[in-house]
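Inspection log for the structure reproduced underneath, given as structure tokens.
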Amino acid sequence: MPTVLSGRALVVTATATATALLATALGAHTAAAETAAVTAVTASTAATASTDKVLVIGLDGAVLDRVKAANAPNLKGLMAQGLTAKSTLYANPMAATSSGPGWSTIATGVWPDKHGVKDNSFTGKNYTAHPDFLTRVENAKPTLNTYAAADWEPITSTDAGGPIFSAKVDKRLSLKGDRDGYGSEDPKIAAAAAAELRDQNPDAAFVYFGEIDVAGHSHGAAAQQYLDAIGRSDKLVGQLLTAVQNRPTYAQENWKILVTTDHGHTDSGGHGGSTIQERGTFVIAKGAGIPAGSVREDVKLVDVAATALAHVGVPTTGLDGVPLDAPDSDPFDTLRPNLQARVDETGIPAGVKGFTHTPPAGWSVDNSKMGTGGVTEWAGWAFATDEFWSQAQRDQWRELNVRSRDVFAVADSDEWDDKSHTGAFDSTLITPKWAVTGGTTRNLTFQTHYRQEAGQSAQVLVSYNGGTPTVVKSYTADAVAKSESLALQVPAGATDVQVRFRYSGNNNWYWTVDNVRLG
């Protein structure tokens, strides 16, 4: 998994720099001293910075909770001074929770249904249509300098199905590790990358370390050996941070640093499957504009490439990811503080708070045609998180809902039917009334994930000025993790529009909706 160090802007004051270097020289071990280097690298504002630069660090197979438990002062310093955002991946049949799909998602900024990598065979890869972010930098701004270094060969070499980062990248370093081709050469990667960052002039860089994943496979994520590997990798991260800080032109530069990972690990070791442990990822980001100690739930792995590109002024058109500084205005996400734990569900851990039936302000749910009884969590449209909903029943494509973020709306007749009930599932989600002008065209956009089965119905309906709702979209086939856009022809004289999402079924499948907007 890649640990991406992404900072909005890193400018060092002389005092902070001196403090960090002195703490390092004295070998201090206090919490303040351990994080001094990180604080110095990212302490000041970017008011005087003139050159935007970005560094992405990838830590293969790193589990966020274990990073927090390990002796990892550099990573913890970044979290304390910036953003920590945990997230989840897909699962099969979209792709396995393996390195090939994971690093491809991070590098390209699109999900596997676009970049085509489903496992470590790289069969079906489509990097031509969806290149890595360093190649996008070269295509858009060839005068910028790009750099990539890794000891898992597919990342930077044509061996074993790669390269993920193309030959257009100005400098690529590829070393072969001793276990499945990755991990053992991490110190050499760190030394070479540190020299490049300190002494040369990279504008956008990606550096990979693989030892944590090796430890996960050999000992499991719950083992002390896994924590030890995180600690050793953290020291390599510190080398890179120090190299950036020691650049002769650092005071005139605006660095963004991101840390991320490609997949998780089970406690006993291994990944590739659909458990929440295997699907777990994260993004740590540090720099100007990112509040210290902030935590977000709406960040996705595809946002790494988008953030890196935006920072160096390259368009992100066509990416699934969005830059970290893009505002989150989805009303469903405002419900997170009100989410509650399971009631009838048994597969969801008791400590996970992830659902509510209370809609956001201005929205409503019409359950007048809804049957009674059934599983409480899914009695009509609910608002839930991926961590909650996907664990209700694994391996039924719920894990594929990758384009929804944070809290989304879900109607699930399959799970509702798991407890005795009368009647059928028939529930309608209703938006607020939005102002429109007659005779214009407005685009209704939303993210959706729908699994089709005979006997169920999913319809989008609109009404103007409180009139009778009319159907503008009916789903009759799977719509897996889709971005939907519907052109609404506003009739003459209309002053407002209201949208309804009606789902009915009985032990069929489900429908999710998120980020509903009228453009």
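By convention here, the chains of the structure tokens are called A, B, ... in the order presented, each chain's residues are numbered starting at 1, and ligands are numbered starting at 1 in the order presented.
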Next item on the list: Return as a ChimeraX atom specification the full set of residues in region 269-313 of chain A whose backbone-based DSSP assignment is strand (DSSP E).
Entry: /A:280-286,294-296
Notebook entry, point to check: Which residues, written as a PyMOL selection string, have at least one atom at most 9 Å from Gly231 (chain A), with only C-alpha atoms counted and residues fewer than 6 positions away on the same chain left out?
Noted result: chain A and resi 67+70-73
Next item on the list: Write out as a VMD selection string which residues come within 10 Å of Gly351 (chain A) when counting only C-alpha atoms, dropping same-chain ones fewer than 5 positions away.
Entry: chain A and resid 340 to 342
Item checked: Separation of CA of Gly102 (chain A) from CA of Lys125 (chain A) in Å -> 12.6 Å
Check: DSSP says alpha helix (DSSP H) for which residues of region 265-429 of chain A? Put them as a VMD selection string?
Finding: chain A and resid 276 to 279 303 to 311 386 to 389 413 to 416
Could the residues of region 410-490 of chain A that have an atom at most 12 Å from region 324-335 of chain A be listed as a Markdown table, each with its closest atom pair and the distance in Å to one decimal, counting only C-alpha atoms and ordered by chain and ascending residue number?
| residue | atom | partner | partner_atom | distance |
| --- | --- | --- | --- | --- |
| A:Val410 | CA | A:Phe332 | CA | 11.2 |
| A:Thr431 | CA | A:Pro331 | CA | 10.6 |
| A:Pro432 | CA | A:Pro331 | CA | 11.0 |
| A:Phe446 | CA | A:Asp330 | CA | 10.4 |
| A:Gln447 | CA | A:Asp330 | CA | 11.3 |
Rows by chain and residue number, region 52-161 of chain A within 10 Å of region 256-266 of chain A, shortest pair, only C-alpha atoms, as CSV:
residue,atom,partner,partner_atom,distance
A:Asp52,CA,A:Lys256,CA,7.7
A:Lys53,CA,A:Lys256,CA,6.2
A:Val54,CA,A:Lys256,CA,4.6
A:Leu55,CA,A:Ile257,CA,4.9
A:Val56,CA,A:Leu258,CA,4.9
A:Ile57,CA,A:Val259,CA,5.0
A:Gly58,CA,A:Thr260,CA,5.4
A:Leu59,CA,A:Thr261,CA,5.3
A:Asp60,CA,A:Thr261,CA,5.6
A:Gly61,CA,A:Gly264,CA,5.2
A:Ala62,CA,A:Thr261,CA,6.0
A:Val63,CA,A:Gly264,CA,5.5
A:Leu64,CA,A:Gly264,CA,8.5
A:Leu75,CA,A:Val259,CA,8.5
A:Leu78,CA,A:Val259,CA,9.1
A:Met79,CA,A:Val259,CA,10.0
A:Gly82,CA,A:Ile257,CA,10.0
A:Leu83,CA,A:Leu258,CA,9.5
A:Thr84,CA,A:Val259,CA,9.5
A:Ala85,CA,A:Thr260,CA,9.5
A:Lys86,CA,A:Thr260,CA,9.6
A:Thr88,CA,A:His263,CA,8.5
A:Leu89,CA,A:His263,CA,7.4
A:Tyr90,CA,A:His263,CA,9.8
A:Ala96,CA,A:His263,CA,9.5
A:Thr97,CA,A:His263,CA,5.8
A:Ser98,CA,A:His263,CA,6.4
A:Ser99,CA,A:Asp262,CA,5.9
A:Gly100,CA,A:Asp262,CA,8.5
A:Pro101,CA,A:Asp262,CA,7.9
A:Gly102,CA,A:Asp262,CA,4.3
A:Trp103,CA,A:Asp262,CA,5.6
A:Ser104,CA,A:Asp262,CA,8.8
A:Thr105,CA,A:Asp262,CA,8.2
A:Ile106,CA,A:Asp262,CA,7.3
Go ahead and save the residues from that selection, with C-alpha atoms, as a JSON list (two decimals), in the first residue's frame.
[["chain", "number", "residue", "atom", "x", "y", "z"],
["A", 52, "ASP", "CA", 4.30, 23.94, -6.19],
["A", 53, "LYS", "CA", 5.68, 20.46, -5.61],
["A", 54, "VAL", "CA", 4.12, 17.18, -4.48],
["A", 55, "LEU", "CA", 5.39, 13.97, -2.91],
["A", 56, "VAL", "CA", 3.30, 10.82, -2.64],
["A", 57, "ILE", "CA", 4.62, 8.02, -0.42],
["A", 58, "GLY", "CA", 3.10, 4.56, -0.73],
["A", 59, "LEU", "CA", 3.25, 2.02, 2.11],
["A", 60, "ASP", "CA", 2.16, -1.39, 0.87],
["A", 61, "GLY", "CA", -0.32, -3.26, 3.06],
["A", 62, "ALA", "CA", -0.39, -0.76, 5.93],
["A", 63, "VAL", "CA", -3.32, -0.87, 8.37],
["A", 64, "LEU", "CA", -4.16, 2.51, 9.87],
["A", 75, "LEU", "CA", 3.59, 9.26, 10.42],
["A", 78, "LEU", "CA", 1.86, 14.06, 9.96],
["A", 79, "MET", "CA", -1.49, 12.97, 11.40],
["A", 82, "GLY", "CA", -2.60, 17.42, 9.13],
["A", 83, "LEU", "CA", -5.38, 15.13, 7.93],
["A", 84, "THR", "CA", -6.14, 11.48, 8.63],
["A", 85, "ALA", "CA", -8.82, 9.87, 6.48],
["A", 86, "LYS", "CA", -9.65, 6.17, 6.60],
["A", 88, "THR", "CA", -12.52, 1.36, 2.07],
["A", 89, "LEU", "CA", -11.90, -0.38, -1.23],
["A", 90, "TYR", "CA", -13.93, -2.45, -3.64],
["A", 96, "ALA", "CA", -9.39, -8.11, -5.67],
["A", 97, "THR", "CA", -7.97, -6.25, -2.69],
["A", 98, "SER", "CA", -4.48, -6.77, -4.10],
["A", 99, "SER", "CA", -1.55, -4.54, -4.96],
["A", 100, "GLY", "CA", -2.10, -4.43, -8.72],
["A", 101, "PRO", "CA", -5.57, -2.89, -8.52],
["A", 102, "GLY", "CA", -4.69, -0.85, -5.44],
["A", 103, "TRP", "CA", -1.64, 0.90, -6.81],
["A", 104, "SER", "CA", -3.32, 1.34, -10.18],
["A", 105, "THR", "CA", -6.23, 3.09, -8.45],
["A", 106, "ILE", "CA", -3.89, 5.35, -6.49]]
Check: Could you name the residues that touch region 466-474 of chain A at 9 Å or less, counting only C-alpha atoms, but leaving out those on the same chain fewer than 6 positions away, as a ChimeraX atom specification?
Finding: /A:433,457-460,486,488,496-500
For C-alpha atoms, I'd like the residues from the last selection saved as a PDB file, in the first residue's frame.
ATOM      1  CA  LYS A 433     -38.043  21.655  -3.687  1.00  0.00           C
ATOM      2  CA  SER A 457     -38.670  -1.543  -9.400  1.00  0.00           C
ATOM      3  CA  ALA A 458     -36.409   1.509  -9.178  1.00  0.00           C
ATOM      4  CA  GLN A 459     -37.665   4.799 -10.561  1.00  0.00           C
ATOM      5  CA  VAL A 460     -36.595   8.441 -10.588  1.00  0.00           C
ATOM      6  CA  LEU A 486     -30.330  13.177 -16.322  1.00  0.00           C
ATOM      7  CA  LEU A 488     -34.576  17.712 -17.074  1.00  0.00           C
ATOM      8  CA  ASP A 496     -39.679  24.642  -8.544  1.00  0.00           C
ATOM      9  CA  VAL A 497     -38.846  20.966  -9.027  1.00  0.00           C
ATOM     10  CA  GLN A 498     -38.868  18.044  -6.626  1.00  0.00           C
ATOM     11  CA  VAL A 499     -37.241  14.655  -7.248  1.00  0.00           C
ATOM     12  CA  ARG A 500     -38.336  11.259  -5.922  1.00  0.00           C
TER      13      ARG A 500
END
Margin query: List the spatial neighbours of Gly318 (chain A) as an NGL selection string - criterion: any atom at most 10 Å away, only C-alpha atoms, same-chain residues fewer than 6 positions off excluded.
Written below: :A and (109-110 or 129-130)
Item checked: Computed interatomic separation between CA of Trp434 (chain A) and CA of Glu377 (chain A) (Å) -> 29.2 Å
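Coordinates place CA of Tyr510 (chain A) at a distance of 6.8 Å from CA of Asp414 (chain A).
Residue nearest Thr358 (chain A), chosen from A:Tyr147, A:Phe383, A:Trp378, A:Phe408 and counting only C-alpha atoms: A:Phe383.
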Item checked: Nearest to Thr476 (chain A), chosen from A:Gly371, A:Gly273, A:Gly519, A:Gly455, with only C-alpha atoms counted in the distances ->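 Ranked by minimum distance to Thr476 (chain A), first place goes to A:Gly455.
Shortest atom-to-atom contact with Asn254 (chain A) among A:Asp366, A:Glu415, A:Asp203, A:Glu484: A:Asp203, counting only C-alpha atoms.
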Next item on the list: Do a neighbour search on Ile276 (chain A) at 12 Å with only C-alpha atoms, toss out local chain neighbours closer than 2 positions, and write the hits as JSON, numbers by chain.
Entry: {"A": [63, 86, 87, 88, 89, 90, 91, 97, 263, 264, 265, 266, 267, 271, 272, 273, 274, 278, 279, 280, 281, 347, 348, 349, 352, 386, 387, 388, 389, 390, 391, 392, 393, 394, 395, 398, 399]}
